[in-house]
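Asks: This is the structure I have questions about; it appears just below.
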Amino acid sequence: MIAAPVPPRPWSIAHRGASAYAPENTLAAFRKAAELGADMWEADIRSTADGVAVVYHDATVPDGRAVADLSRAELLEALPDCPTVAEMVALAAELGAGIYADIKDLSATVPTLRLLEEAEIEPVVLGAFDVSVVDTLREAGSRYPVSGLVPLGADPFDHAGEADVIHLCWERMDRPQDTLTQDLFEQAFARGQRVVLWHEEDPDRMADIRTKPVTGICSDMPELVNPFVPPSEYPFGIVCHRGANGIAPENTLPAFECALAAGFDFIELDLHVTADEQIVVMHDDTLDRTTSGTGTVWEQSMESLRRLDAGEWFDPYFAGTGLPSLGDVLSLLRKYGGGAYLELKSAPPALVLRQVEEAGLLDQVFFWSFNREFLQELRRLSPEARIMARRQDYPTLREALEDYDADILEFLPNHEPLEVASLRGGAVRSMIAYNGADPAVYDRMLAMRPDLFNLDQPFAFSRHARAFVHG
């Protein structure tokens, strides 16, 4: 039943939604999965005592009661965020997402099938570890591909039987990608089967896996499956303002990792010095807006700052998320091979430069500050450091370029397009900064064809850009 060709790129299947950034199997997780570009949402399906199909993984709720023994109303009291399958399907229809259902209770099989059929959701894959679910789907006349979930240690061709999709749940192996041999694919394809893979969150393993002829890859981080690649006709780069700050709390490691996992070129972050001369990532001068603390950042030690909560203000899911150091971020850049735009707030240039150079990442970052003396000092310290200037701070283009020998010049969307064009192909890269999401502004920016875009909403922009370029 599954289409013969393997997709040109694997389907990005959000494991229980974007469960790295929201509670698993909730509408919030599914909404974030859509924002991150997932093709499908993997969801666990169970049935309540009164026959309502719901989205929940475990057989029991936290207090030990079985889901199958609770009515929908009782389950909602225990799990206020637990959606029904009908609610999930309605959201998928609204956002244009597919569903990859892992059916846990046999009694939920046919109700789930009918809801998907009525909503005309595509693509859909239905499956389970329980082979009787596969038989029930076939008896019910399902037109959707059926998936057989293969546990670690089981023979995939024995366990998946007559399923259309072999779903390999082998993520606990050290190098599961090594099991994806040519022989495995040849056998699967000869049987008319396709292969879908475990949830994967390691960038190196994912890089190996996505090159295989797989139909889909599950991940808690669906943005990692198919990272952003700019159109070949216009190879621009994207800078993520304070990281993926719509997905996770600004200037935290989850926000930075999300942006880098998505394939965006740079993360933008703000740097302050602490009372004990460490470098902490924080935008505001004071702690009040985005942490559980109060007072001025540079009056605190790094140890005291590490104890603060920098996530709960954004969403209770991120409670306990801490403030990162510059060193934490540099380690993340090495993990993903990404870049960073470092804005010096109170952080002294010499301290920042030393850490960047010791990490061997000088060629992967660029710098800017409202403090012009910081930028001049940085240039004195390092002729090789890449420094940004803002066009809006100078009366002429020439003065903007010559003040401290800028390597990147940032424009705004309403600036003169010919000035941006004059830099094209030269040594100085152009960048346009915009924190909004107006499609008309996106069009204007794209028509100006800068080298980089500094954005607050990189996922929305990248989707818009693909449509703009390909017309």
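The way I read the labels, and the way they are meant: chains A, B, ... in the order of the structure tokens, residue 1 as the first residue of every chain, and ligand 1 as the first ligand shown, with later ones counted on from there.
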Quick one: pick out all strand (DSSP E or B) residues within segment 75-274 of chain A from a backbone DSSP run and write them as a PDB file with N, CA and C atoms, in the first residue's frame.
Replies:
```
ATOM      1  N   THR A  84      -7.540  13.934  23.162  1.00  0.00           N
ATOM      2  CA  THR A  84      -8.163  12.813  22.462  1.00  0.00           C
ATOM      3  C   THR A  84      -7.535  12.706  21.076  1.00  0.00           C
ATOM      4  N   GLY A  98       0.954  15.069   8.902  1.00  0.00           N
ATOM      5  CA  GLY A  98       0.585  13.671   8.852  1.00  0.00           C
ATOM      6  C   GLY A  98       0.653  13.046  10.239  1.00  0.00           C
ATOM      7  N   ILE A  99       0.155  11.824  10.350  1.00  0.00           N
ATOM      8  CA  ILE A  99       0.122  11.118  11.630  1.00  0.00           C
ATOM      9  C   ILE A  99       0.788   9.753  11.474  1.00  0.00           C
ATOM     10  N   TYR A 100       1.660   9.450  12.424  1.00  0.00           N
ATOM     11  CA  TYR A 100       2.294   8.139  12.519  1.00  0.00           C
ATOM     12  C   TYR A 100       1.847   7.569  13.854  1.00  0.00           C
ATOM     13  N   ALA A 101       0.841   6.699  13.825  1.00  0.00           N
ATOM     14  CA  ALA A 101       0.197   6.253  15.055  1.00  0.00           C
ATOM     15  C   ALA A 101       0.794   4.948  15.552  1.00  0.00           C
ATOM     16  N   ASP A 102       1.175   4.936  16.820  1.00  0.00           N
ATOM     17  CA  ASP A 102       1.604   3.726  17.519  1.00  0.00           C
ATOM     18  C   ASP A 102       0.435   3.320  18.411  1.00  0.00           C
ATOM     19  N   ILE A 103      -0.327   2.351  17.948  1.00  0.00           N
ATOM     20  CA  ILE A 103      -1.556   1.972  18.644  1.00  0.00           C
ATOM     21  C   ILE A 103      -1.229   0.982  19.751  1.00  0.00           C
ATOM     22  N   VAL A 124      -0.284   9.118   6.422  1.00  0.00           N
ATOM     23  CA  VAL A 124      -0.621   8.385   7.639  1.00  0.00           C
ATOM     24  C   VAL A 124       0.057   7.027   7.580  1.00  0.00           C
ATOM     25  N   VAL A 125       0.622   6.622   8.702  1.00  0.00           N
ATOM     26  CA  VAL A 125       1.094   5.254   8.904  1.00  0.00           C
ATOM     27  C   VAL A 125       0.521   4.790  10.231  1.00  0.00           C
ATOM     28  N   LEU A 126      -0.035   3.580  10.244  1.00  0.00           N
ATOM     29  CA  LEU A 126      -0.605   3.018  11.458  1.00  0.00           C
ATOM     30  C   LEU A 126       0.156   1.758  11.824  1.00  0.00           C
ATOM     31  N   GLY A 127       0.504   1.629  13.095  1.00  0.00           N
ATOM     32  CA  GLY A 127       1.267   0.455  13.469  1.00  0.00           C
ATOM     33  C   GLY A 127       1.237   0.180  14.942  1.00  0.00           C
ATOM     34  N   ALA A 128       1.953  -0.889  15.337  1.00  0.00           N
ATOM     35  CA  ALA A 128       1.993  -1.293  16.735  1.00  0.00           C
ATOM     36  C   ALA A 128       3.012  -2.403  16.910  1.00  0.00           C
ATOM     37  N   VAL A 146       0.657   0.051   6.900  1.00  0.00           N
ATOM     38  CA  VAL A 146       0.678  -0.517   8.237  1.00  0.00           C
ATOM     39  C   VAL A 146       2.126  -0.753   8.639  1.00  0.00           C
ATOM     40  N   SER A 147       2.465  -0.345   9.863  1.00  0.00           N
ATOM     41  CA  SER A 147       3.832  -0.445  10.351  1.00  0.00           C
ATOM     42  C   SER A 147       3.937  -1.527  11.413  1.00  0.00           C
ATOM     43  N   GLY A 148       4.989  -2.321  11.290  1.00  0.00           N
ATOM     44  CA  GLY A 148       5.311  -3.285  12.329  1.00  0.00           C
ATOM     45  C   GLY A 148       6.517  -2.802  13.110  1.00  0.00           C
ATOM     46  N   LEU A 149       6.358  -2.545  14.401  1.00  0.00           N
ATOM     47  CA  LEU A 149       7.442  -2.021  15.232  1.00  0.00           C
ATOM     48  C   LEU A 149       8.310  -3.173  15.725  1.00  0.00           C
ATOM     49  N   VAL A 150       9.588  -3.106  15.433  1.00  0.00           N
ATOM     50  CA  VAL A 150      10.515  -4.205  15.700  1.00  0.00           C
ATOM     51  C   VAL A 150      11.383  -3.859  16.907  1.00  0.00           C
ATOM     52  N   PRO A 151      11.257  -4.581  18.004  1.00  0.00           N
ATOM     53  CA  PRO A 151      12.094  -4.298  19.174  1.00  0.00           C
ATOM     54  C   PRO A 151      13.521  -4.775  18.961  1.00  0.00           C
ATOM     55  N   VAL A 165       5.483  -1.324   6.467  1.00  0.00           N
ATOM     56  CA  VAL A 165       6.626  -0.562   6.974  1.00  0.00           C
ATOM     57  C   VAL A 165       7.297  -1.342   8.093  1.00  0.00           C
ATOM     58  N   ILE A 166       8.600  -1.519   7.972  1.00  0.00           N
ATOM     59  CA  ILE A 166       9.391  -2.085   9.060  1.00  0.00           C
ATOM     60  C   ILE A 166       9.914  -0.919   9.894  1.00  0.00           C
ATOM     61  N   HIS A 167       9.458  -0.836  11.130  1.00  0.00           N
ATOM     62  CA  HIS A 167       9.899   0.260  12.005  1.00  0.00           C
ATOM     63  C   HIS A 167      10.906  -0.312  12.997  1.00  0.00           C
ATOM     64  N   LEU A 168      12.155   0.053  12.832  1.00  0.00           N
ATOM     65  CA  LEU A 168      13.247  -0.487  13.644  1.00  0.00           C
ATOM     66  C   LEU A 168      13.434   0.356  14.901  1.00  0.00           C
ATOM     67  N   CYS A 169      13.149  -0.213  16.044  1.00  0.00           N
ATOM     68  CA  CYS A 169      13.303   0.485  17.329  1.00  0.00           C
ATOM     69  C   CYS A 169      14.622   0.068  17.957  1.00  0.00           C
ATOM     70  N   ARG A 194       8.956  -0.820   3.280  1.00  0.00           N
ATOM     71  CA  ARG A 194       9.822   0.333   3.461  1.00  0.00           C
ATOM     72  C   ARG A 194      10.293   0.364   4.918  1.00  0.00           C
ATOM     73  N   VAL A 195      11.314   1.170   5.175  1.00  0.00           N
ATOM     74  CA  VAL A 195      11.951   1.174   6.490  1.00  0.00           C
ATOM     75  C   VAL A 195      11.801   2.549   7.139  1.00  0.00           C
ATOM     76  N   VAL A 196      11.327   2.553   8.376  1.00  0.00           N
ATOM     77  CA  VAL A 196      11.256   3.755   9.209  1.00  0.00           C
ATOM     78  C   VAL A 196      12.058   3.464  10.475  1.00  0.00           C
ATOM     79  N   LEU A 197      12.682   4.492  11.023  1.00  0.00           N
ATOM     80  CA  LEU A 197      13.667   4.284  12.075  1.00  0.00           C
ATOM     81  C   LEU A 197      13.278   4.913  13.401  1.00  0.00           C
ATOM     82  N   TRP A 198      13.903   4.357  14.422  1.00  0.00           N
ATOM     83  CA  TRP A 198      13.838   4.793  15.820  1.00  0.00           C
ATOM     84  C   TRP A 198      13.915   6.311  15.989  1.00  0.00           C
ATOM     85  N   HIS A 199      13.681   6.766  17.195  1.00  0.00           N
ATOM     86  CA  HIS A 199      13.888   8.203  17.449  1.00  0.00           C
ATOM     87  C   HIS A 199      15.380   8.454  17.690  1.00  0.00           C
ATOM     88  N   GLY A 216      11.347   7.277   6.662  1.00  0.00           N
ATOM     89  CA  GLY A 216      11.163   8.285   7.696  1.00  0.00           C
ATOM     90  C   GLY A 216      12.054   8.026   8.887  1.00  0.00           C
ATOM     91  N   ILE A 217      12.293   9.081   9.677  1.00  0.00           N
ATOM     92  CA  ILE A 217      13.092   8.993  10.894  1.00  0.00           C
ATOM     93  C   ILE A 217      12.333   9.705  12.007  1.00  0.00           C
ATOM     94  N   CYS A 218      12.120   8.988  13.108  1.00  0.00           N
ATOM     95  CA  CYS A 218      11.515   9.608  14.284  1.00  0.00           C
ATOM     96  C   CYS A 218      12.579  10.375  15.061  1.00  0.00           C
ATOM     97  N   SER A 219      12.175  11.483  15.660  1.00  0.00           N
ATOM     98  CA  SER A 219      13.088  12.224  16.523  1.00  0.00           C
ATOM     99  C   SER A 219      12.309  13.104  17.478  1.00  0.00           C
ATOM    100  N   GLY A 237      22.546  32.674   4.315  1.00  0.00           N
ATOM    101  CA  GLY A 237      22.647  32.103   5.651  1.00  0.00           C
ATOM    102  C   GLY A 237      21.630  32.735   6.586  1.00  0.00           C
ATOM    103  N   ILE A 238      21.319  32.033   7.670  1.00  0.00           N
ATOM    104  CA  ILE A 238      20.338  32.512   8.646  1.00  0.00           C
ATOM    105  C   ILE A 238      20.982  32.586  10.029  1.00  0.00           C
ATOM    106  N   VAL A 239      20.776  33.734  10.685  1.00  0.00           N
ATOM    107  CA  VAL A 239      21.196  33.961  12.062  1.00  0.00           C
ATOM    108  C   VAL A 239      19.950  33.929  12.943  1.00  0.00           C
ATOM    109  N   CYS A 240      19.965  33.151  14.013  1.00  0.00           N
ATOM    110  CA  CYS A 240      18.798  32.993  14.883  1.00  0.00           C
ATOM    111  C   CYS A 240      18.946  33.871  16.121  1.00  0.00           C
ATOM    112  N   HIS A 241      18.120  34.891  16.204  1.00  0.00           N
ATOM    113  CA  HIS A 241      18.179  35.888  17.268  1.00  0.00           C
ATOM    114  C   HIS A 241      17.870  35.251  18.623  1.00  0.00           C
ATOM    115  N   PHE A 266      23.988  30.471  12.166  1.00  0.00           N
ATOM    116  CA  PHE A 266      24.493  31.170  13.345  1.00  0.00           C
ATOM    117  C   PHE A 266      23.411  31.278  14.410  1.00  0.00           C
ATOM    118  N   ILE A 267      23.831  31.263  15.659  1.00  0.00           N
ATOM    119  CA  ILE A 267      22.975  31.659  16.765  1.00  0.00           C
ATOM    120  C   ILE A 267      23.471  32.999  17.284  1.00  0.00           C
ATOM    121  N   GLU A 268      22.551  33.884  17.596  1.00  0.00           N
ATOM    122  CA  GLU A 268      22.921  35.182  18.169  1.00  0.00           C
ATOM    123  C   GLU A 268      22.743  35.107  19.672  1.00  0.00           C
ATOM    124  N   LEU A 269      23.747  35.583  20.433  1.00  0.00           N
ATOM    125  CA  LEU A 269      23.653  35.547  21.878  1.00  0.00           C
ATOM    126  C   LEU A 269      24.310  36.774  22.491  1.00  0.00           C
ATOM    127  N   ASP A 270      23.890  37.067  23.725  1.00  0.00           N
ATOM    128  CA  ASP A 270      24.320  38.270  24.428  1.00  0.00           C
ATOM    129  C   ASP A 270      25.187  37.872  25.612  1.00  0.00           C
ATOM    130  N   LEU A 271      26.285  38.618  25.818  1.00  0.00           N
ATOM    131  CA  LEU A 271      27.280  38.215  26.800  1.00  0.00           C
ATOM    132  C   LEU A 271      27.516  39.293  27.858  1.00  0.00           C
ATOM    133  N   HIS A 272      27.455  38.861  29.113  1.00  0.00           N
ATOM    134  CA  HIS A 272      27.774  39.712  30.259  1.00  0.00           C
ATOM    135  C   HIS A 272      28.944  39.107  31.029  1.00  0.00           C
ATOM    136  N   VAL A 273      29.636  39.951  31.778  1.00  0.00           N
ATOM    137  CA  VAL A 273      30.676  39.486  32.686  1.00  0.00           C
ATOM    138  C   VAL A 273      30.072  39.348  34.080  1.00  0.00           C
TER     139      VAL A 273
END
```
Asks: For Leu184 of chain A, list every protein, DNA or RNA residue within 12 Å, evaluated using only C-alpha atoms, and leave out those in the same chain fewer than 4 positions away; present the list as a PyMOL selection string.
Replies: chain A and resi 155-157+166+168+177-180+188-191+193-195+212-214
Asks: With C-alpha atoms retained, export the selected residues as a PDB file, in the first residue's frame.
Replies:
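This is the output file again-v6.pdb:
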```pdb
ATOM      1  CA  ASP A 155      14.394 -10.309  13.390  1.00  0.00           C
ATOM      2  CA  PRO A 156      12.781  -7.464  11.414  1.00  0.00           C
ATOM      3  CA  PHE A 157      11.400  -9.699   8.690  1.00  0.00           C
ATOM      4  CA  ILE A 166       9.391  -2.085   9.060  1.00  0.00           C
ATOM      5  CA  LEU A 168      13.247  -0.487  13.644  1.00  0.00           C
ATOM      6  CA  GLN A 177      23.291   3.103  11.750  1.00  0.00           C
ATOM      7  CA  ASP A 178      25.680   0.207  11.110  1.00  0.00           C
ATOM      8  CA  THR A 179      22.700  -2.173  11.053  1.00  0.00           C
ATOM      9  CA  LEU A 180      21.241  -0.337   8.050  1.00  0.00           C
ATOM     10  CA  ALA A 188      12.803  -5.088   2.535  1.00  0.00           C
ATOM     11  CA  PHE A 189      12.332  -3.630  -0.932  1.00  0.00           C
ATOM     12  CA  ALA A 190      12.024  -7.090  -2.487  1.00  0.00           C
ATOM     13  CA  ARG A 191       9.128  -7.748  -0.086  1.00  0.00           C
ATOM     14  CA  GLN A 193       8.331  -2.987   2.450  1.00  0.00           C
ATOM     15  CA  ARG A 194       9.822   0.333   3.461  1.00  0.00           C
ATOM     16  CA  VAL A 195      11.951   1.174   6.490  1.00  0.00           C
ATOM     17  CA  LYS A 212      20.188   5.808   3.859  1.00  0.00           C
ATOM     18  CA  PRO A 213      17.144   4.890   1.714  1.00  0.00           C
ATOM     19  CA  VAL A 214      14.746   5.224   4.640  1.00  0.00           C
TER      20      VAL A 214
END
```
Asks: As number ranges by chain, which residues of segment 35-170 of chain A does DSSP assign to helix (DSSP H, G or I)?
Replies: A: 35, 67-69, 72-78, 85-95, 106-119, 131-139, 156-159
Asks: Any chance you can output those residues with N, CA and C atoms as a tab-separated table (two decimals), in the first residue's frame?
Replies:
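For reference, result37.tsv as written:
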```tsv
chain	number	residue	atom	x	y	z
A	35	GLU	N	5.71	23.72	13.77
A	35	GLU	CA	6.57	24.89	13.61
A	35	GLU	C	7.97	24.49	13.17
A	67	VAL	N	-5.06	3.39	32.38
A	67	VAL	CA	-5.83	4.24	31.47
A	67	VAL	C	-7.10	3.54	31.04
A	68	ALA	N	-7.01	2.23	30.79
A	68	ALA	CA	-8.17	1.46	30.32
A	68	ALA	C	-9.28	1.38	31.35
A	69	ASP	N	-8.98	1.69	32.63
A	69	ASP	CA	-10.00	1.63	33.69
A	69	ASP	C	-10.61	2.99	33.98
A	72	ARG	N	-12.97	9.01	30.13
A	72	ARG	CA	-12.28	10.18	29.56
A	72	ARG	C	-12.25	11.31	30.58
A	73	ALA	N	-13.35	11.53	31.27
A	73	ALA	CA	-13.40	12.62	32.26
A	73	ALA	C	-12.41	12.38	33.39
A	74	GLU	N	-12.32	11.12	33.86
A	74	GLU	CA	-11.38	10.80	34.93
A	74	GLU	C	-9.94	10.95	34.46
A	75	LEU	N	-9.68	10.54	33.23
A	75	LEU	CA	-8.32	10.68	32.69
A	75	LEU	C	-7.93	12.16	32.58
A	76	LEU	N	-8.88	12.99	32.19
A	76	LEU	CA	-8.60	14.41	32.05
A	76	LEU	C	-8.29	15.05	33.40
A	77	GLU	N	-8.93	14.56	34.44
A	77	GLU	CA	-8.61	15.06	35.78
A	77	GLU	C	-7.18	14.70	36.17
A	78	ALA	N	-6.76	13.50	35.80
A	78	ALA	CA	-5.40	13.05	36.14
A	78	ALA	C	-4.35	13.66	35.23
A	85	VAL	N	-7.71	11.54	20.46
A	85	VAL	CA	-7.24	11.39	19.08
A	85	VAL	C	-7.99	12.36	18.17
A	86	ALA	N	-9.27	12.57	18.46
A	86	ALA	CA	-10.06	13.51	17.64
A	86	ALA	C	-9.47	14.91	17.69
A	87	GLU	N	-9.02	15.34	18.87
A	87	GLU	CA	-8.42	16.68	19.00
A	87	GLU	C	-7.09	16.74	18.25
A	88	MET	N	-6.29	15.69	18.35
A	88	MET	CA	-5.03	15.67	17.63
A	88	MET	C	-5.25	15.68	16.12
A	89	VAL	N	-6.20	14.90	15.66
A	89	VAL	CA	-6.47	14.82	14.22
A	89	VAL	C	-6.98	16.16	13.70
A	90	ALA	N	-7.82	16.83	14.46
A	90	ALA	CA	-8.30	18.15	14.05
A	90	ALA	C	-7.16	19.14	13.92
A	91	LEU	N	-6.21	19.08	14.85
A	91	LEU	CA	-5.05	19.98	14.78
A	91	LEU	C	-4.17	19.63	13.58
A	92	ALA	N	-3.99	18.35	13.32
A	92	ALA	CA	-3.19	17.94	12.17
A	92	ALA	C	-3.83	18.41	10.87
A	93	ALA	N	-5.15	18.33	10.79
A	93	ALA	CA	-5.85	18.81	9.59
A	93	ALA	C	-5.67	20.32	9.43
A	94	GLU	N	-5.71	21.04	10.54
A	94	GLU	CA	-5.54	22.49	10.50
A	94	GLU	C	-4.13	22.89	10.07
A	95	LEU	N	-3.11	22.15	10.54
A	95	LEU	CA	-1.72	22.53	10.30
A	95	LEU	C	-1.08	21.78	9.14
A	106	LEU	N	-5.70	-2.40	21.41
A	106	LEU	CA	-6.39	-2.93	20.25
A	106	LEU	C	-7.74	-2.25	20.04
A	107	SER	N	-8.44	-1.93	21.13
A	107	SER	CA	-9.77	-1.33	21.02
A	107	SER	C	-9.74	0.08	20.43
A	108	ALA	N	-8.57	0.71	20.41
A	108	ALA	CA	-8.46	2.06	19.83
A	108	ALA	C	-8.19	2.02	18.33
A	109	THR	N	-7.99	0.85	17.77
A	109	THR	CA	-7.54	0.74	16.39
A	109	THR	C	-8.56	1.29	15.39
A	110	VAL	N	-9.73	0.75	15.39
A	110	VAL	CA	-10.73	1.16	14.40
A	110	VAL	C	-11.20	2.60	14.62
A	111	PRO	N	-11.48	3.04	15.87
A	111	PRO	CA	-11.84	4.46	16.06
A	111	PRO	C	-10.77	5.42	15.52
A	112	THR	N	-9.51	5.11	15.73
A	112	THR	CA	-8.43	5.96	15.22
A	112	THR	C	-8.44	5.97	13.70
A	113	LEU	N	-8.58	4.80	13.11
A	113	LEU	CA	-8.62	4.69	11.65
A	113	LEU	C	-9.74	5.55	11.08
A	114	ARG	N	-10.93	5.47	11.65
A	114	ARG	CA	-12.07	6.22	11.11
A	114	ARG	C	-11.89	7.74	11.25
A	115	LEU	N	-11.32	8.18	12.36
A	115	LEU	CA	-11.07	9.61	12.53
A	115	LEU	C	-10.11	10.14	11.47
A	116	LEU	N	-9.06	9.38	11.18
A	116	LEU	CA	-8.09	9.79	10.18
A	116	LEU	C	-8.71	9.81	8.79
A	117	GLU	N	-9.52	8.81	8.51
A	117	GLU	CA	-10.18	8.76	7.19
A	117	GLU	C	-11.12	9.94	7.00
A	118	GLU	N	-11.92	10.25	8.03
A	118	GLU	CA	-12.88	11.34	7.93
A	118	GLU	C	-12.19	12.69	7.72
A	119	ALA	N	-11.03	12.88	8.38
A	119	ALA	CA	-10.30	14.15	8.26
A	119	ALA	C	-9.42	14.20	7.02
A	131	VAL	N	0.98	-7.48	16.86
A	131	VAL	CA	0.67	-7.83	15.48
A	131	VAL	C	-0.83	-7.95	15.26
A	132	SER	N	-1.62	-8.16	16.32
A	132	SER	CA	-3.07	-8.25	16.14
A	132	SER	C	-3.66	-6.91	15.69
A	133	VAL	N	-2.99	-5.80	16.02
A	133	VAL	CA	-3.43	-4.49	15.53
A	133	VAL	C	-3.32	-4.44	14.02
A	134	VAL	N	-2.23	-4.97	13.49
A	134	VAL	CA	-2.04	-5.01	12.04
A	134	VAL	C	-3.17	-5.80	11.38
A	135	ASP	N	-3.51	-6.95	11.96
A	135	ASP	CA	-4.60	-7.77	11.40
A	135	ASP	C	-5.93	-7.03	11.45
A	136	THR	N	-6.17	-6.33	12.56
A	136	THR	CA	-7.43	-5.58	12.71
A	136	THR	C	-7.54	-4.47	11.66
A	137	LEU	N	-6.43	-3.79	11.41
A	137	LEU	CA	-6.44	-2.73	10.40
A	137	LEU	C	-6.75	-3.30	9.02
A	138	ARG	N	-6.18	-4.40	8.72
A	138	ARG	CA	-6.44	-4.99	7.40
A	138	ARG	C	-7.90	-5.43	7.29
A	139	GLU	N	-8.41	-6.01	8.35
A	139	GLU	CA	-9.81	-6.44	8.34
A	139	GLU	C	-10.76	-5.25	8.22
A	156	PRO	N	13.77	-8.40	11.97
A	156	PRO	CA	12.78	-7.46	11.41
A	156	PRO	C	11.81	-8.12	10.44
A	157	PHE	N	12.27	-9.10	9.70
A	157	PHE	CA	11.40	-9.70	8.69
A	157	PHE	C	10.45	-10.71	9.30
A	158	ASP	N	10.84	-11.33	10.40
A	158	ASP	CA	9.91	-12.19	11.11
A	158	ASP	C	8.89	-11.36	11.88
A	159	HIS	N	9.40	-10.34	12.58
A	159	HIS	CA	8.52	-9.59	13.48
A	159	HIS	C	7.56	-8.68	12.72
```
Asks: Identify which of the residues A:Glu384, A:Asp276, A:Asp174, A:Glu250 lies closest to Ala406 of chain A, counting only C-alpha atoms when measuring atom-to-atom distances.
Replies: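 Closest to Ala406 of chain A, using only C-alpha atoms: A:Glu384.
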Asks: Would you list the contacts of segment 330-344 of chain A as JSON, numbers by chain, taking every protein, DNA or RNA residue within 10 Å and counting only C-alpha atoms, but skipping same-chain residues closer than 4 positions in sequence?
Replies: {"A": [202, 203, 204, 239, 240, 241, 242, 243, 253, 256, 257, 259, 260, 261, 263, 264, 265, 266, 267, 268, 269, 270, 271, 272, 273, 279, 281, 283, 325, 326, 348, 349, 352, 355, 356, 359, 360, 361, 362, 363, 364, 365, 366, 367, 368, 369, 370, 371, 374, 375, 386, 387, 388, 454]}
Asks: Can you pull out every residue within 7 Å of Ala97 of chain A, counting only C-alpha atoms, but drop anything in the same chain fewer than 5 positions away, and send it as a list in words?
Replies: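 Everything that qualifies: Ala34, Asp39, Met40 and Ala92 of chain A.
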Asks: Those residues you just picked out, can you put them in a file as a short mmCIF file (atom, residue, chain, number, x, y, z; two decimals), in the first residue's frame with N, CA, C and O atoms?
Replies:
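Written file, selection_29.cif:
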```cif
data_model
loop_
_atom_site.label_atom_id
_atom_site.label_comp_id
_atom_site.auth_asym_id
_atom_site.auth_seq_id
_atom_site.Cartn_x
_atom_site.Cartn_y
_atom_site.Cartn_z
N ALA A 34 4.94 21.06 14.25
CA ALA A 34 4.56 21.71 13.00
C ALA A 34 5.44 22.93 12.74
O ALA A 34 5.89 23.15 11.61
N ASP A 39 7.06 16.44 9.11
CA ASP A 39 6.08 15.95 8.14
C ASP A 39 4.95 15.20 8.83
O ASP A 39 3.80 15.24 8.37
N MET A 40 5.30 14.50 9.92
CA MET A 40 4.32 13.67 10.62
C MET A 40 4.54 13.79 12.13
O MET A 40 5.63 14.15 12.58
N ALA A 92 -3.99 18.35 13.32
CA ALA A 92 -3.19 17.94 12.17
C ALA A 92 -3.83 18.41 10.87
O ALA A 92 -3.13 18.86 9.94
#
```
Asks: Which one is closest to Ala467 of chain A: A:Val61, A:Leu423, A:Leu446, A:Ala437? Count only C-alpha atoms.
Replies: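 The shortest atom-to-atom distance to Ala467 of chain A comes from A:Leu446.
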Asks: Could you tell me how far atom CA of Glu358 of chain A sits from atom CA of Met302 of chain A, in Å to one decimal place?
Replies: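 Interatomic distance, atom CA of Met302 of chain A to atom CA of Glu358 of chain A: 19.9 Å.
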Asks: Restricting the calculation to only C-alpha atoms, which member of A:Ser292, A:Asp130, A:Ile13, A:Val55 is positioned closest to Glu200 of chain A?
Replies: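 Ranked by minimum distance to Glu200 of chain A, first place goes to A:Ile13.
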Asks: Report, in Å to a single decimal, how far apart atom CA of Ala427 of chain A and atom CA of Asp393 of chain A are.
Replies: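 Pair atom CA of Asp393 of chain A / atom CA of Ala427 of chain A returns 20.5 Å.
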Asks: Determine the nearest neighbour of Pro23 of chain A from the options A:Pro227, A:Pro439, A:Pro383, A:Pro316, counting only C-alpha atoms.
Replies: A:Pro316
Asks: Provide the atom CA of Glu24 of chain A to atom CA of Glu201 of chain A distance in Å, to one decimal place.
Replies: 15.1 Å
Asks: Between A:Gly295, A:Gly425, A:Pro249, A:Gly153, which has the minimum distance to Gly320 of chain A (counting only C-alpha atoms)?
Replies: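 Using only C-alpha atoms, the shortest distance to Gly320 of chain A belongs to A:Pro249.
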Asks: Ranking A:Gly322, A:Pro417, A:Pro458, A:Pro62 by minimum distance to Asn251 of chain A and counting only C-alpha atoms, which one comes first?
Replies: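 Closest to Asn251 of chain A, using only C-alpha atoms: A:Gly322.
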Asks: Hey, what's within 12 Å of Ser422 of chain A if we count only C-alpha atoms and toss same-chain stuff fewer than 3 positions away? As a PyMOL selection string, please?
Replies: chain A and resi 397-398+409+416-419+425-430+448-451
